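Visitor: Here you go, upload27.txt (compact mmCIF, C-alpha atoms and all ligand atoms):
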```
# COMPACT_ATOMS: atom_id res chain seq x y z
CA MET W 1 84.33 128.92 103.25
CA ASP W 2 85.87 128.42 106.68
CA VAL W 3 86.79 131.95 107.77
CA SER W 4 88.64 130.76 110.87
CA SER W 5 91.15 128.78 108.83
CA PRO W 6 94.39 130.65 108.02
CA ARG W 7 94.90 131.74 104.42
CA LEU W 8 98.02 130.45 102.70
CA ASP W 9 99.83 131.33 99.51
CA PHE W 10 99.84 128.23 97.35
CA SER W 11 101.98 127.43 94.33
CA PHE W 12 103.01 124.28 92.55
CA LYS W 13 105.39 123.02 89.88
CA ALA W 14 104.89 119.87 87.83
CA TYR W 15 107.95 117.86 86.86
CA ARG W 16 108.89 114.96 84.62
CA ARG W 17 111.96 112.89 85.47
CA PRO W 18 113.04 110.23 82.98
CA PHE W 19 114.36 107.06 84.61
CA ARG W 20 117.96 106.27 83.80
CA VAL W 21 116.77 102.77 82.97
CA PRO W 22 113.00 102.23 82.53
CA VAL W 23 111.51 100.50 85.59
CA ARG W 24 109.86 97.15 85.02
CA THR W 25 106.42 97.06 86.68
CA SER W 26 103.36 94.82 86.55
CA ARG W 27 101.97 97.35 84.05
CA GLY W 28 104.94 97.22 81.72
CA LEU W 29 107.86 99.61 81.49
CA TRP W 30 107.75 102.86 83.45
CA GLU W 31 109.90 105.44 81.68
CA MET W 32 109.01 108.77 83.25
CA ARG W 33 108.28 109.79 86.83
CA GLU W 34 105.71 112.58 86.74
CA GLY W 35 104.95 114.48 89.92
CA ILE W 36 104.16 117.87 91.39
CA VAL W 37 105.88 119.80 94.15
CA VAL W 38 103.78 122.24 96.16
CA ARG W 39 104.81 125.25 98.22
CA VAL W 40 102.77 127.02 100.89
CA ALA W 41 103.55 130.22 102.80
CA ASP W 42 101.70 131.96 105.61
CA ASP W 43 101.44 135.62 106.66
CA ASP W 44 104.47 135.26 108.92
CA GLY W 45 106.64 134.29 105.97
CA ARG W 46 106.95 130.67 107.01
CA VAL W 47 107.32 128.33 104.03
CA GLY W 48 106.60 124.63 103.63
CA PHE W 49 106.89 122.07 100.82
CA GLY W 50 105.18 118.85 99.85
CA GLU W 51 105.28 116.47 96.92
CA ILE W 52 102.52 114.73 95.01
CA ALA W 53 104.00 111.55 93.56
CA PRO W 54 101.20 109.27 92.30
CA ILE W 55 101.69 105.67 91.21
CA SER W 56 98.49 104.84 89.39
CA TRP W 57 98.76 101.04 89.64
CA PHE W 58 98.70 101.47 93.43
CA LYS W 59 95.22 102.88 92.73
CA THR W 60 96.17 106.43 93.63
CA GLU W 61 94.90 109.41 91.67
CA THR W 62 96.60 110.00 88.32
CA PHE W 63 99.17 112.72 87.71
CA VAL W 64 96.58 114.58 85.61
CA GLY W 65 93.97 114.28 88.38
CA ALA W 66 96.45 115.70 90.89
CA LEU W 67 97.33 118.53 88.55
CA ALA W 68 93.64 119.43 88.17
CA TRP W 69 93.30 119.60 91.97
CA CYS W 70 96.32 121.93 92.26
CA GLU W 71 94.90 124.17 89.54
CA SER W 72 91.51 124.27 91.27
CA LEU W 73 93.02 125.75 94.44
CA GLY W 74 94.28 129.03 93.01
CA PRO W 75 97.12 131.13 94.41
CA GLU W 76 95.50 131.57 97.82
CA VAL W 77 93.79 128.84 99.80
CA THR W 78 92.57 128.25 103.34
CA GLU W 79 94.55 125.72 105.30
CA ALA W 80 91.36 123.73 105.90
CA ARG W 81 90.61 123.42 102.19
CA LEU W 82 94.20 122.52 101.35
CA LEU W 83 94.26 119.75 103.94
CA ASP W 84 91.05 118.16 102.72
CA PRO W 85 91.29 117.34 99.01
CA GLY W 86 88.43 114.86 99.38
CA LYS W 87 88.16 111.21 98.46
CA GLY W 88 90.32 109.64 95.80
CA LEU W 89 93.29 112.02 96.10
CA PRO W 90 95.57 110.30 98.64
CA CYS W 91 98.80 111.70 97.19
CA CYS W 92 97.41 115.25 97.23
CA ALA W 93 96.32 114.78 100.86
CA ALA W 94 99.75 113.47 101.86
CA ALA W 95 101.53 116.35 100.10
CA ALA W 96 99.23 118.98 101.64
CA ALA W 97 99.81 117.58 105.13
CA ALA W 98 103.58 117.52 104.59
CA ALA W 99 103.57 121.10 103.29
CA VAL W 100 101.58 122.46 106.25
CA GLU W 101 103.61 120.44 108.74
CA SER W 102 106.93 121.68 107.35
CA MET W 103 105.60 125.26 107.21
CA ARG W 104 104.75 125.08 110.91
CA ALA W 105 108.26 123.83 111.64
CA ASP W 106 109.81 126.69 109.63
CA ASP W 107 110.56 129.20 112.39
CA GLU W 108 112.93 129.98 115.26
CA SER W 109 111.72 127.11 117.40
CA GLY W 110 113.09 124.66 114.84
CA SER W 111 111.51 121.56 113.40
CA THR W 112 109.38 119.01 115.19
CA PRO W 113 111.74 117.05 117.41
CA VAL W 114 112.45 113.59 116.08
CA ASP W 115 113.73 110.57 117.88
CA ALA W 116 117.49 110.89 118.32
CA LYS W 117 118.12 107.30 117.36
CA ARG W 118 119.29 106.44 113.88
CA VAL W 119 117.48 103.87 111.76
CA PRO W 120 119.18 101.61 109.20
CA VAL W 121 118.56 102.12 105.49
CA ALA W 122 117.83 99.21 103.14
CA ALA W 123 119.90 99.08 99.96
CA LEU W 124 118.07 98.02 96.81
CA LEU W 125 120.16 95.51 94.87
CA PRO W 126 120.22 95.42 91.05
CA SER W 127 118.50 92.49 89.39
CA GLY W 128 120.38 89.43 88.22
CA TRP W 129 123.96 88.46 88.96
CA ALA W 130 125.02 92.10 89.36
CA ALA W 131 123.46 91.81 92.82
CA LEU W 132 126.41 89.72 94.00
CA ASP W 133 128.98 92.48 93.62
CA ALA W 134 126.49 95.11 94.75
CA VAL W 135 125.77 93.37 98.05
CA GLU W 136 129.47 93.27 98.87
CA ARG W 137 130.00 96.90 97.98
CA ALA W 138 126.99 98.02 100.01
CA GLY W 139 128.09 95.79 102.88
CA GLU W 140 131.48 97.50 102.91
CA LEU W 141 129.67 100.85 103.18
CA GLY W 142 127.92 99.59 106.31
CA PHE W 143 124.53 98.52 104.92
CA THR W 144 123.04 95.49 106.65
CA VAL W 145 119.60 95.26 105.00
CA PHE W 146 119.28 94.51 101.29
CA LYS W 147 116.26 94.32 99.08
CA VAL W 148 116.04 91.94 96.13
CA LYS W 149 113.26 91.67 93.56
CA ILE W 150 112.00 88.14 92.93
CA GLY W 151 109.28 86.56 90.83
CA THR W 152 110.39 87.79 87.43
CA GLY W 153 112.18 84.66 86.22
CA ASP W 154 112.71 80.97 86.82
CA VAL W 155 112.18 80.22 90.51
CA GLN W 156 115.07 77.76 90.78
CA ALA W 157 117.53 80.18 89.20
CA GLU W 158 116.30 82.99 91.42
CA GLN W 159 116.61 80.89 94.55
CA GLY W 160 120.13 79.90 93.47
CA LEU W 161 121.02 83.58 93.26
CA VAL W 162 119.53 84.32 96.68
CA GLU W 163 121.53 81.42 98.11
CA ARG W 164 124.73 82.99 96.71
CA LEU W 165 123.71 86.40 98.07
CA VAL W 166 123.25 84.93 101.52
CA GLY W 167 126.86 83.77 101.37
CA ARG W 168 128.02 87.33 100.71
CA LEU W 169 125.98 89.12 103.37
CA PRO W 170 127.86 91.07 106.02
CA ASP W 171 127.57 90.10 109.69
CA ARG W 172 123.94 90.22 110.81
CA GLY W 173 122.94 91.08 107.24
CA LYS W 174 119.34 90.49 106.17
CA LEU W 175 117.45 90.22 102.92
CA ARG W 176 114.03 91.51 101.93
CA LEU W 177 112.56 89.61 98.99
CA ASP W 178 110.01 91.64 97.03
CA ALA W 179 107.80 89.79 94.55
CA ASN W 180 105.63 92.81 93.64
CA GLY W 181 102.61 90.52 93.56
CA GLY W 182 104.16 88.35 90.85
CA LEU W 183 103.96 84.83 92.35
CA ASP W 184 101.18 82.25 92.44
CA ALA W 185 100.22 80.67 95.77
CA ARG W 186 102.29 77.49 95.23
CA THR W 187 105.45 79.32 94.20
CA ALA W 188 105.01 81.78 97.05
CA ALA W 189 104.82 78.88 99.50
CA ARG W 190 108.05 77.49 98.01
CA TRP W 191 109.78 80.83 98.57
CA LEU W 192 108.52 81.12 102.15
CA ALA W 193 109.68 77.58 102.94
CA ALA W 194 113.12 78.15 101.37
CA ALA W 195 113.49 81.46 103.21
CA GLU W 196 113.39 79.67 106.56
CA ASP W 197 117.02 78.66 105.94
CA TRP W 198 118.10 82.21 105.05
CA PRO W 199 118.35 85.46 107.01
CA VAL W 200 115.21 86.89 105.39
CA GLU W 201 113.46 89.73 107.21
CA PHE W 202 110.27 89.26 105.17
CA ILE W 203 108.85 88.40 101.76
CA GLU W 204 107.05 91.39 100.33
CA GLN W 205 103.76 91.14 98.44
CA PRO W 206 104.17 87.55 97.21
CA LEU W 207 100.69 87.51 95.63
CA PRO W 208 98.60 90.08 93.75
CA ALA W 209 97.12 92.92 95.80
CA ASP W 210 93.59 91.57 95.86
CA ALA W 211 94.45 87.93 96.75
CA ARG W 212 93.35 88.56 100.33
CA ASP W 213 92.46 85.05 101.45
CA ASP W 214 95.56 83.48 99.90
CA LEU W 215 97.83 86.13 101.41
CA SER W 216 96.33 85.56 104.86
CA GLN W 217 96.71 81.80 104.45
CA LEU W 218 100.35 82.12 103.37
CA ALA W 219 101.19 84.36 106.29
CA ALA W 220 99.48 81.99 108.72
CA ASP W 221 101.27 78.92 107.31
CA HIS W 222 104.87 80.17 107.43
CA ARG W 223 107.39 81.35 109.96
CA VAL W 224 109.02 83.92 107.67
CA PRO W 225 106.93 87.12 107.86
CA VAL W 226 104.93 88.33 104.88
CA ALA W 227 104.73 92.08 104.24
CA LEU W 228 101.94 93.77 102.30
CA ASP W 229 102.87 96.57 99.92
CA GLU W 230 100.60 96.85 96.87
CA SER W 231 97.69 95.58 99.06
CA VAL W 232 97.77 98.61 101.37
CA LEU W 233 97.63 102.22 100.39
CA THR W 234 95.89 104.28 103.07
CA ALA W 235 95.07 104.05 106.78
CA ASP W 236 91.68 102.55 105.84
CA ASP W 237 93.42 99.65 104.08
CA ILE W 238 95.59 99.00 107.13
CA LYS W 239 92.47 99.00 109.29
CA ARG W 240 90.73 96.50 107.01
CA TRP W 241 93.68 94.09 107.04
CA ARG W 242 93.95 94.37 110.82
CA ASP W 243 90.23 93.61 111.14
CA ARG W 244 90.88 90.45 109.11
CA GLY W 245 93.55 89.46 111.65
CA TRP W 246 96.55 90.08 109.37
CA PRO W 247 99.56 88.67 111.28
CA GLY W 248 102.27 90.15 109.08
CA LEU W 249 103.92 93.46 108.26
CA PHE W 250 102.90 96.55 106.29
CA VAL W 251 105.05 98.43 103.78
CA ILE W 252 103.92 102.05 103.64
CA LYS W 253 104.70 104.58 100.97
CA PRO W 254 103.80 107.73 102.90
CA ALA W 255 103.66 109.75 99.68
CA LEU W 256 100.67 107.65 98.59
CA SER W 257 99.00 107.17 101.94
CA GLY W 258 96.55 110.02 102.28
CA ARG W 259 96.08 112.13 105.38
CA THR W 260 99.17 111.86 107.56
CA ALA W 261 97.21 112.07 110.81
CA ASP W 262 95.14 109.00 109.90
CA LEU W 263 98.28 107.06 108.99
CA VAL W 264 100.05 108.00 112.22
CA ALA W 265 97.04 106.84 114.24
CA GLU W 266 97.30 103.38 112.62
CA ILE W 267 101.07 103.11 113.10
CA ALA W 268 101.25 104.39 116.68
CA PRO W 269 100.06 101.20 118.45
CA ASP W 270 102.65 99.00 116.71
CA PRO W 271 105.44 100.84 114.84
CA GLY W 272 107.46 97.59 114.70
CA SER W 273 105.09 96.21 112.05
CA PHE W 274 105.72 99.02 109.59
CA VAL W 275 108.31 99.54 106.88
CA PHE W 276 108.52 102.98 105.28
CA SER W 277 109.34 103.00 101.63
CA SER W 278 110.07 105.30 98.72
CA ALA W 279 107.59 106.09 95.95
CA LEU W 280 110.52 107.35 93.85
CA GLU W 281 110.01 110.98 94.80
CA THR W 282 112.47 113.88 94.87
CA ASP W 283 114.12 114.96 98.12
CA ILE W 284 110.93 116.88 99.02
CA GLY W 285 108.86 113.72 99.26
CA LEU W 286 111.77 111.78 100.71
CA GLY W 287 112.28 114.31 103.51
CA ALA W 288 108.58 114.22 104.38
CA GLY W 289 108.48 110.42 104.35
CA VAL W 290 111.56 109.71 106.42
CA GLY W 291 110.76 112.58 108.79
CA LEU W 292 107.42 110.91 109.45
CA ALA W 293 109.09 107.53 109.89
CA LEU W 294 111.42 108.93 112.54
CA ARG W 295 108.57 110.68 114.34
CA CYS W 296 106.58 107.43 114.34
CA GLY W 297 109.52 105.64 115.97
CA VAL W 298 109.92 102.93 113.34
CA SER W 299 112.93 100.67 113.79
CA ARG W 300 112.89 98.60 110.60
CA ALA W 301 115.25 99.73 107.85
CA LEU W 302 113.97 102.60 105.70
CA GLY W 303 113.24 101.60 102.11
CA TYR W 304 114.82 104.72 100.67
CA GLY W 305 118.21 103.38 99.62
CA THR W 306 116.98 103.19 96.06
CA GLY W 307 120.23 104.19 94.37
CA ALA W 308 120.47 105.76 90.94
CA PHE W 309 116.99 105.48 89.44
CA PHE W 310 117.33 108.91 87.87
CA HIS W 311 119.96 110.84 85.96
CA ASP W 312 122.00 113.15 88.14
CA ASP W 313 119.46 115.98 88.07
CA GLN W 314 120.18 117.17 91.63
CA LEU W 315 116.62 116.51 92.76
CA GLY W 316 117.66 113.70 95.07
CA GLY W 317 115.28 110.99 96.21
CA SER W 318 117.62 108.32 97.55
CA ILE W 319 119.55 107.98 100.80
CA ALA W 320 123.19 107.21 100.10
CA GLY W 321 124.33 106.09 103.57
CA PRO W 322 123.46 103.03 105.67
CA TRP W 323 121.98 104.97 108.61
CA PHE W 324 119.48 107.80 108.83
CA GLY W 325 118.51 110.03 111.74
CA ALA W 326 117.89 113.63 112.74
CA PRO W 327 121.25 114.98 111.47
CA GLU W 328 120.72 113.42 108.04
CA LEU W 329 117.16 114.81 107.96
CA GLU W 330 118.58 118.28 108.63
CA GLY W 331 120.73 117.86 105.53
CA ILE W 332 117.74 117.52 103.20
CA ASN W 333 116.90 120.83 101.54
CA PRO W 334 113.39 121.04 100.01
CA ALA W 335 113.82 124.72 99.08
CA ALA W 336 116.78 123.80 96.88
CA VAL W 337 114.70 121.18 95.03
CA TRP W 338 111.90 123.74 94.53
CA LYS W 339 114.35 126.25 93.11
CA ARG W 340 115.88 123.78 90.71
CA LEU W 341 112.54 122.81 89.15
MG MG S 1 107.29 96.51 97.18
```
Show me the file's structure as structure tokens.

Guide:
Amino acid sequence: MDVSSPRLDFSFKAYRRPFRVPVRTSRGLWEMREGIVVRVADDDGRVGFGEIAPISWFKTETFVGALAWCESLGPEVTEARLLDPGKGLPCCAAAAAAAVESMRADDESGSTPVDAKRVPVAALLPSGWAALDAVERAGELGFTVFKVKIGTGDVQAEQGLVERLVGRLPDRGKLRLDANGGLDARTAARWLAAAEDWPVEFIEQPLPADARDDLSQLAADHRVPVALDESVLTADDIKRWRDRGWPGLFVIKPALSGRTADLVAEIAPDPGSFVFSSALETDIGLGAGVGLALRCGVSRALGYGTGAFFHDDQLGGSIAGPWFGAPELEGINPAAVWKRL
């Protein structure tokens, strides 16, 4: 055991949050979000929180695997052990880093300073024709970036809907089209070609996660940027894609991304290529994720305007307004979420 590493009180609470409407995924319907919130405290009474929010089809650990790790730590743990869960536990590593970071910020000197500038928030639109009213309502609230899921139905009908959405965008409004890996190479090329006539910020994960050559080819062949989501989990994945000369963008779910320091090192040289996005966590994971985004100096809209995925259980997890910065971050209260669970 590392005797020089500070000893911390460690506790955790597992939770299950039913989705208001089951979420359609490549693995079928997702009905229940299972996660774990962790709390650490040091001898000075400083307290920090983190959240383990695995999504197993992103090849993270499972909820049960994460629970076993929490149980293995016991009520007292060295900081060094907490911060190094070992291979295969990226969500545990991300939560441990967030907990220690927020504990360090929990004193008179205040939290780590974040960039004063506000970043826009992307609003997730409902599927189907309901998106048309939703884009107008969100536009009236001041949102300018909107995310739409594609690749679940007939391509012509979906493109017809996107065309109508474009007509209802506010000034300087932009769309993100997320296929969740659901297209084939030919259909993806059709979408990228069509998107040249629309204000599309990027097409997200047009092909399955492991279609590396086809994804690289698509990105090279089209002017509209391609963003990787399911294809990248941790800093190592980002490194591998960069080594392959990936010309596009990266969508990062910081809750799934492993050690925060490694992630920050990959983002620092080019924050403009990164989009931070929700893993459908509570406000504990959300606060950690958007806090990191602000510290990294990202400028692209935050993918945390997810709306009402859950019943009103007061655990949060979505940003309601079109802009997010230091004052909004101050308003997030992890201790309240901990207490409610
Ligand atoms: Mg995505």

Visitor: Could you pull out the residues sitting within 8 Å of ligand MG 1 (chain S), using all atoms listed in the file, and write them as number ranges by chain?

Guide: W: 178-180, 204-205, 228-230, 251

Visitor: Between W:Glu158, W:Glu34, W:Asp237, W:Asp43, which residue has the minimum interatomic distance to Ile252 of chain W, considering only C-alpha atoms?

Guide: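 Of all the options, W:Asp237 lies closest to Ile252 of chain W.
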
Visitor: Quick one, how far is atom CA of Arg16 of chain W from atom CA of Phe309 of chain W?

Guide: 13.4 Å

Visitor: How many Å lie between atom CA of Glu136 of chain W and atom CA of Leu177 of chain W, rounded to one decimal?

Guide: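 One can read the atom CA of Glu136 of chain W to atom CA of Leu177 of chain W distance as 17.3 Å.
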
Visitor: Tell me, in Å to one decimal, how far atom CA of Ala279 of chain W is from atom CA of Pro126 of chain W.

Guide: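 Atom-to-atom, atom CA of Ala279 of chain W to atom CA of Pro126 of chain W, that is 17.2 Å.
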
Visitor: Using only C-alpha atoms, determine which residues lie at most 12 Å from Glu71 of chain W, disregarding the query and same-chain residues fewer than 3 positions distant; provide the list as a PyMOL selection string.

Guide: chain W and resi 10-14+36+38+64-68+74-77+82

Visitor: Looking at W:Ala41, W:Ala227, W:Ala138, W:Leu302, which one is nearest to Pro254 of chain W, with distances taken over all atoms listed in the file?

Guide: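 Nearest to Pro254 of chain W: W:Leu302.
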
Visitor: Just checking: using all atoms listed in the file, which residue out of W:Val119, W:Val200, W:Ile55, W:Leu341 ends up closest to Gly291 of chain W?

Guide: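 Answer, going by the shortest atom-to-atom distance: W:Val119.
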
Visitor: Calculated over only C-alpha atoms, which of the candidates W:Val162, W:Pro199, W:Arg244, W:Lys87 has the smallest distance to Arg212 of chain W?

Guide: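 Of W:Val162, W:Pro199, W:Arg244, W:Lys87, the one nearest Arg212 of chain W is W:Arg244, counting only C-alpha atoms.
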
Visitor: Nearest residue to Arg300 of chain W out of W:Ala220, W:Ala255, W:Val23, W:Leu249, using all atoms listed in the file?

Guide: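 Nearest candidate to Arg300 of chain W out of W:Ala220, W:Ala255, W:Val23, W:Leu249: W:Leu249.
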
Visitor: Kindly indicate which residue among W:Val166, W:Ala96, W:Pro208, W:Leu280 lies nearest to Trp30 of chain W, using only C-alpha atoms for the distances.

Guide: W:Leu280

Visitor: Within 6 Å of Gly35 of chain W, counting all atoms listed in the file, which residues show up once you throw out same-chain ones fewer than 2 positions away? Write them as a ChimeraX atom specification, please.

Guide: /W:14-15,52-53
